[in-house]
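Pasted below: upload_7.cif, mmCIF, C-alpha atoms and all ligand atoms.
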```
data_entry
loop_
_atom_site.label_atom_id
_atom_site.label_comp_id
_atom_site.auth_asym_id
_atom_site.auth_seq_id
_atom_site.Cartn_x
_atom_site.Cartn_y
_atom_site.Cartn_z
CA MET A 197 29.32 100.87 28.36
CA LYS A 198 28.61 97.35 27.24
CA LEU A 199 31.13 94.69 28.07
CA LYS A 200 33.22 93.26 25.29
CA PHE A 201 34.19 89.61 25.44
CA PHE A 202 36.75 87.27 24.07
CA ALA A 203 35.59 83.67 24.05
CA ASP A 204 38.39 81.14 24.26
CA ARG A 205 38.81 78.39 21.66
CA MET A 206 36.47 75.92 23.36
CA LEU A 207 33.60 78.38 23.59
CA GLY A 208 32.30 78.69 20.04
CA LYS A 209 28.67 78.09 20.92
CA LEU A 210 28.74 80.52 23.79
CA ALA A 211 30.32 83.15 21.53
CA LYS A 212 27.46 82.83 19.06
CA LYS A 213 24.86 83.23 21.77
CA LEU A 214 26.59 86.32 23.15
CA ARG A 215 26.63 87.79 19.65
CA ILE A 216 22.92 87.10 19.28
CA LEU A 217 22.41 89.01 22.52
CA GLY A 218 24.28 91.94 21.02
CA PHE A 219 27.57 91.58 22.88
CA ASP A 220 30.75 92.28 20.99
CA THR A 221 32.42 88.87 21.30
CA LEU A 222 35.57 87.77 19.55
CA TYR A 223 36.11 84.10 18.92
CA PHE A 224 38.62 82.30 16.74
CA SER A 225 38.88 78.54 16.57
CA ASP A 226 42.52 78.80 15.67
CA ILE A 227 44.48 81.39 17.61
CA SER A 228 47.47 81.29 19.93
CA GLU A 229 47.28 82.05 23.63
CA ASP A 230 49.56 85.03 23.20
CA GLU A 231 47.32 86.50 20.53
CA ILE A 232 44.27 86.05 22.73
CA LEU A 233 45.95 87.88 25.60
CA LYS A 234 47.18 90.62 23.29
CA LEU A 235 43.74 91.23 21.84
CA CYS A 236 42.08 91.23 25.24
CA LYS A 237 44.51 93.87 26.44
CA ALA A 238 44.41 96.02 23.32
CA GLU A 239 40.63 96.05 23.09
CA ASP A 240 39.80 95.92 26.78
CA ARG A 241 37.98 92.61 26.48
CA THR A 242 36.90 90.25 29.20
CA LEU A 243 38.28 86.78 28.62
CA LEU A 244 35.91 83.85 28.97
CA THR A 245 37.77 80.60 29.22
CA ARG A 246 37.46 76.90 30.11
CA ASP A 247 41.20 76.69 30.57
CA ARG A 248 42.35 77.28 34.12
CA ILE A 249 45.94 78.03 33.12
CA MET A 250 44.73 80.62 30.63
CA PHE A 251 42.56 82.13 33.33
CA ILE A 252 45.52 82.46 35.68
CA LYS A 253 47.77 83.85 32.92
CA ALA A 254 45.23 86.47 31.90
CA THR A 255 44.49 87.51 35.45
CA LYS A 256 48.22 87.95 36.12
CA GLU A 257 48.43 90.25 33.13
CA GLY A 258 45.63 92.39 34.45
CA ILE A 259 43.00 91.13 32.07
CA GLU A 260 39.53 90.64 33.47
CA SER A 261 38.92 86.96 33.09
CA PHE A 262 36.19 84.49 33.95
CA PHE A 263 36.69 80.75 34.28
CA LEU A 264 33.78 78.61 33.11
CA LYS A 265 33.28 75.25 34.74
CA SER A 266 30.63 73.83 32.49
CA ASP A 267 31.20 72.51 29.00
CA ARG A 268 27.61 73.20 27.96
CA TRP A 269 26.77 76.55 26.38
CA TYR A 270 23.51 76.78 28.28
CA SER A 271 25.17 76.64 31.68
CA GLN A 272 28.04 78.79 30.46
CA LEU A 273 25.71 81.56 29.35
CA LYS A 274 23.89 81.39 32.64
CA ALA A 275 27.17 81.71 34.53
CA VAL A 276 28.28 84.67 32.39
CA LYS A 277 24.92 86.32 32.83
CA ASN A 278 25.07 85.95 36.61
CA LYS A 279 28.69 87.01 36.90
CA PHE A 280 28.39 90.16 34.80
CA LYS A 281 24.73 90.87 35.52
CA LEU A 282 23.91 90.84 31.84
CA SER A 283 20.49 91.90 30.86
CA PHE A 284 18.52 90.69 27.95
CA GLU A 285 17.16 93.43 25.74
CA LYS A 286 14.98 92.30 22.91
CA SER A 287 15.85 95.44 20.98
CA SER A 288 19.55 94.66 20.80
CA LEU A 289 19.09 91.07 19.68
CA PHE A 290 20.52 90.18 16.31
CA GLU A 291 22.61 93.31 15.96
CA ARG A 292 25.65 91.26 15.13
CA CYS A 293 26.60 88.57 12.70
CA ILE A 294 26.63 85.22 14.49
CA GLU A 295 29.60 84.11 12.42
CA CYS A 296 31.86 87.16 12.36
CA ASN A 297 30.71 89.48 15.14
CA CYS A 298 30.26 92.43 12.73
CA VAL A 299 27.41 94.84 13.35
CA LEU A 300 24.66 94.10 10.85
CA GLU A 301 23.33 96.70 8.45
CA TYR A 302 19.82 97.16 7.16
CA VAL A 303 19.55 96.28 3.52
CA GLU A 304 16.82 97.23 1.05
CA LYS A 305 14.44 94.40 0.50
CA GLU A 306 14.64 94.57 -3.29
CA LYS A 307 18.38 94.09 -3.21
CA ILE A 308 18.28 90.69 -1.57
CA LYS A 309 15.36 89.28 -3.52
CA ASN A 310 17.35 86.44 -5.05
CA ARG A 311 19.36 85.72 -1.96
CA VAL A 312 16.67 84.44 0.40
CA PRO A 313 13.96 81.81 -0.09
CA GLU A 314 10.86 83.18 -1.78
CA TYR A 315 8.65 82.48 1.22
CA VAL A 316 11.01 84.42 3.47
CA TYR A 317 11.08 87.30 1.01
CA LEU A 318 7.31 87.49 0.84
CA THR A 319 6.68 87.27 4.57
CA ASN A 320 9.36 89.64 5.89
CA ASN A 321 9.98 93.32 5.39
CA GLN A 322 13.16 93.90 7.30
CA PHE A 323 16.43 92.34 6.32
CA LEU A 324 19.91 92.83 7.69
CA GLU A 325 23.18 91.98 6.08
CA CYS A 326 26.62 91.29 7.50
CA PRO A 327 29.11 93.68 5.86
CA LYS A 328 31.81 91.02 6.06
CA CYS A 329 30.37 87.63 5.11
CA HIS A 330 27.18 89.04 3.51
CA LYS A 331 24.93 86.64 5.32
CA ILE A 332 21.32 87.87 5.34
CA TYR A 333 19.34 87.95 8.57
CA TRP A 334 15.62 88.26 9.19
CA ARG A 335 13.27 87.61 12.04
CA GLY A 336 11.77 84.26 11.28
CA THR A 337 10.68 81.33 13.39
CA HIS A 338 14.32 80.51 14.14
CA VAL A 339 14.49 83.77 16.06
CA GLU A 340 11.49 82.80 18.17
CA ASN A 341 13.13 79.50 19.03
CA ILE A 342 16.33 81.17 20.13
CA LEU A 343 14.33 83.69 22.13
CA LYS A 344 12.61 80.87 24.00
CA ASP A 345 15.99 79.47 25.05
CA LEU A 346 17.34 82.85 26.03
CA ASN A 347 14.22 83.70 28.01
CA LYS A 348 14.65 80.56 30.07
CA ILE A 349 18.22 81.51 30.91
CA PHE A 350 17.51 85.12 31.68
CA GLU A 351 14.39 84.56 33.75
CA GLY A 352 15.83 81.87 35.97
ZN ZN B 401 29.21 87.84 8.96
#
```
Structure rendered as structure tokens:
Amino acid sequence: MKLKFFADRMLGKLAKKLRILGFDTLYFSDISEDEILKLCKAEDRTLLTRDRIMFIKATKEGIESFFLKSDRWYSQLKAVKNKFKLSFEKSSLFERCIECNCVLEYVEKEKIKNRVPEYVYLTNNQFLECPKCHKIYWRGTHVENILKDLNKIFEG
């Protein structure tokens, strides 16, 4: 089974990258410590945190927790990858909404015609939509750029 994460308040960028990689990752910029611990327990999530006190608290409560030293997402992702032996599967990339963590759904091309730039509409055939925020996703050049970054992390 794939690991599920909870990224602490300071880890917004890392949360987005984990979502891109297909990992179920909760993140809220505004949430109390107690709520974080409660959610981790209830949903069997691994807590990622930059806060040493939070790390100790969570560990005491039996929550799997990982303390991140770096404040840069790049190094954080590398550390998470090494710690949990994450692998990088191209096929599971962009399964989730970067903003809300929801699993994306395929949407018929015709339906989103007026919701993406014309060039994007004409040059892509597969579109995904977030059921929550309704953001539309497609595999454009932005995906290639992210892939380049991720490749560097996962190869090294
Ligand atoms: Zn969304």
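You will find CA of Leu244 in chain A at 24.0 Å from CA of Lys344 in chain A.
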Enumerate as a list in words the residues within 6 Å of ligand ZN 401 (chain B), counting all atoms listed in the file.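 The residues within 6 Å of ligand ZN 401 (chain B), counting all atoms listed in the file, are Cys293, Glu295, Cys296, Cys326, Lys328, Cys329, His330 and Lys331 of chain A.
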Using all atoms listed in the file, which residue out of A:Asp247, A:Glu285, A:Glu291, A:Asp230 lies closest to Asp267 in chain A?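 Nearest to Asp267 in chain A: A:Asp247.
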Point-to-point distance from CA of Ala203 in chain A to CA of Tyr223 in chain A, Å rounded to tenths: 5.2 Å
Which value, in Å to one decimal, gives the distance between CA of Leu243 in chain A and CA of Lys213 in chain A?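 It comes out at 15.5 Å.
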Residue with smallest distance to Leu222 in chain A - pool A:Lys274, A:Ile349, A:Ile294, A:Lys281, counting only C-alpha atoms: A:Ile294
Pick out the residues sitting within 12 Å of Lys307 in chain A, and hand them over as a ChimeraX atom specification; count all atoms listed in the file, and ignore anything fewer than 3 positions along from it in its own chain. /A:302-304,310-312,317,322-325,332
Let me make sure I understand: among A:Tyr333, A:Phe350, A:Tyr270, A:Phe251, which one has the smallest atom-to-atom distance to Leu210 in chain A if we use all atoms listed in the file?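 Checking each candidate against Leu210 in chain A, we get A:Tyr270 as the closest.
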Which polymer residues, protein or nucleic acid, are no farther than 12 Å from (47.1, 77.4, 22.7), counting all atoms listed in the file, as a count of residues only? 17
Name the closest residue to Ser283 in chain A among the candidates A:Ala211, A:Leu346, A:Ala238, A:Val299; distances are taken between atoms, counting all atoms listed in the file.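 Between A:Ala211, A:Leu346, A:Ala238, A:Val299, the residue approaching Ser283 in chain A most closely is A:Leu346.
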Smallest atom-to-atom distance to Thr319 in chain A: which of A:Phe201, A:Phe263, A:Trp334, A:Phe219, using only C-alpha atoms? A:Trp334
For Leu289 in chain A, which residue out of A:Lys237, A:Arg335, A:Lys277, A:Lys256 is the nearest one, using all atoms listed in the file?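 Using all atoms listed in the file, Leu289 in chain A sits closest to A:Arg335.
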Within 10 Å of (35.3, 92.8, 33.9) (file coordinates; all atoms listed in the file), which protein or nucleic acid residues are there? I'd like them as JSON, numbers by chain. {"A": [199, 200, 201, 240, 241, 242, 243, 259, 260, 261, 262, 279, 280]}
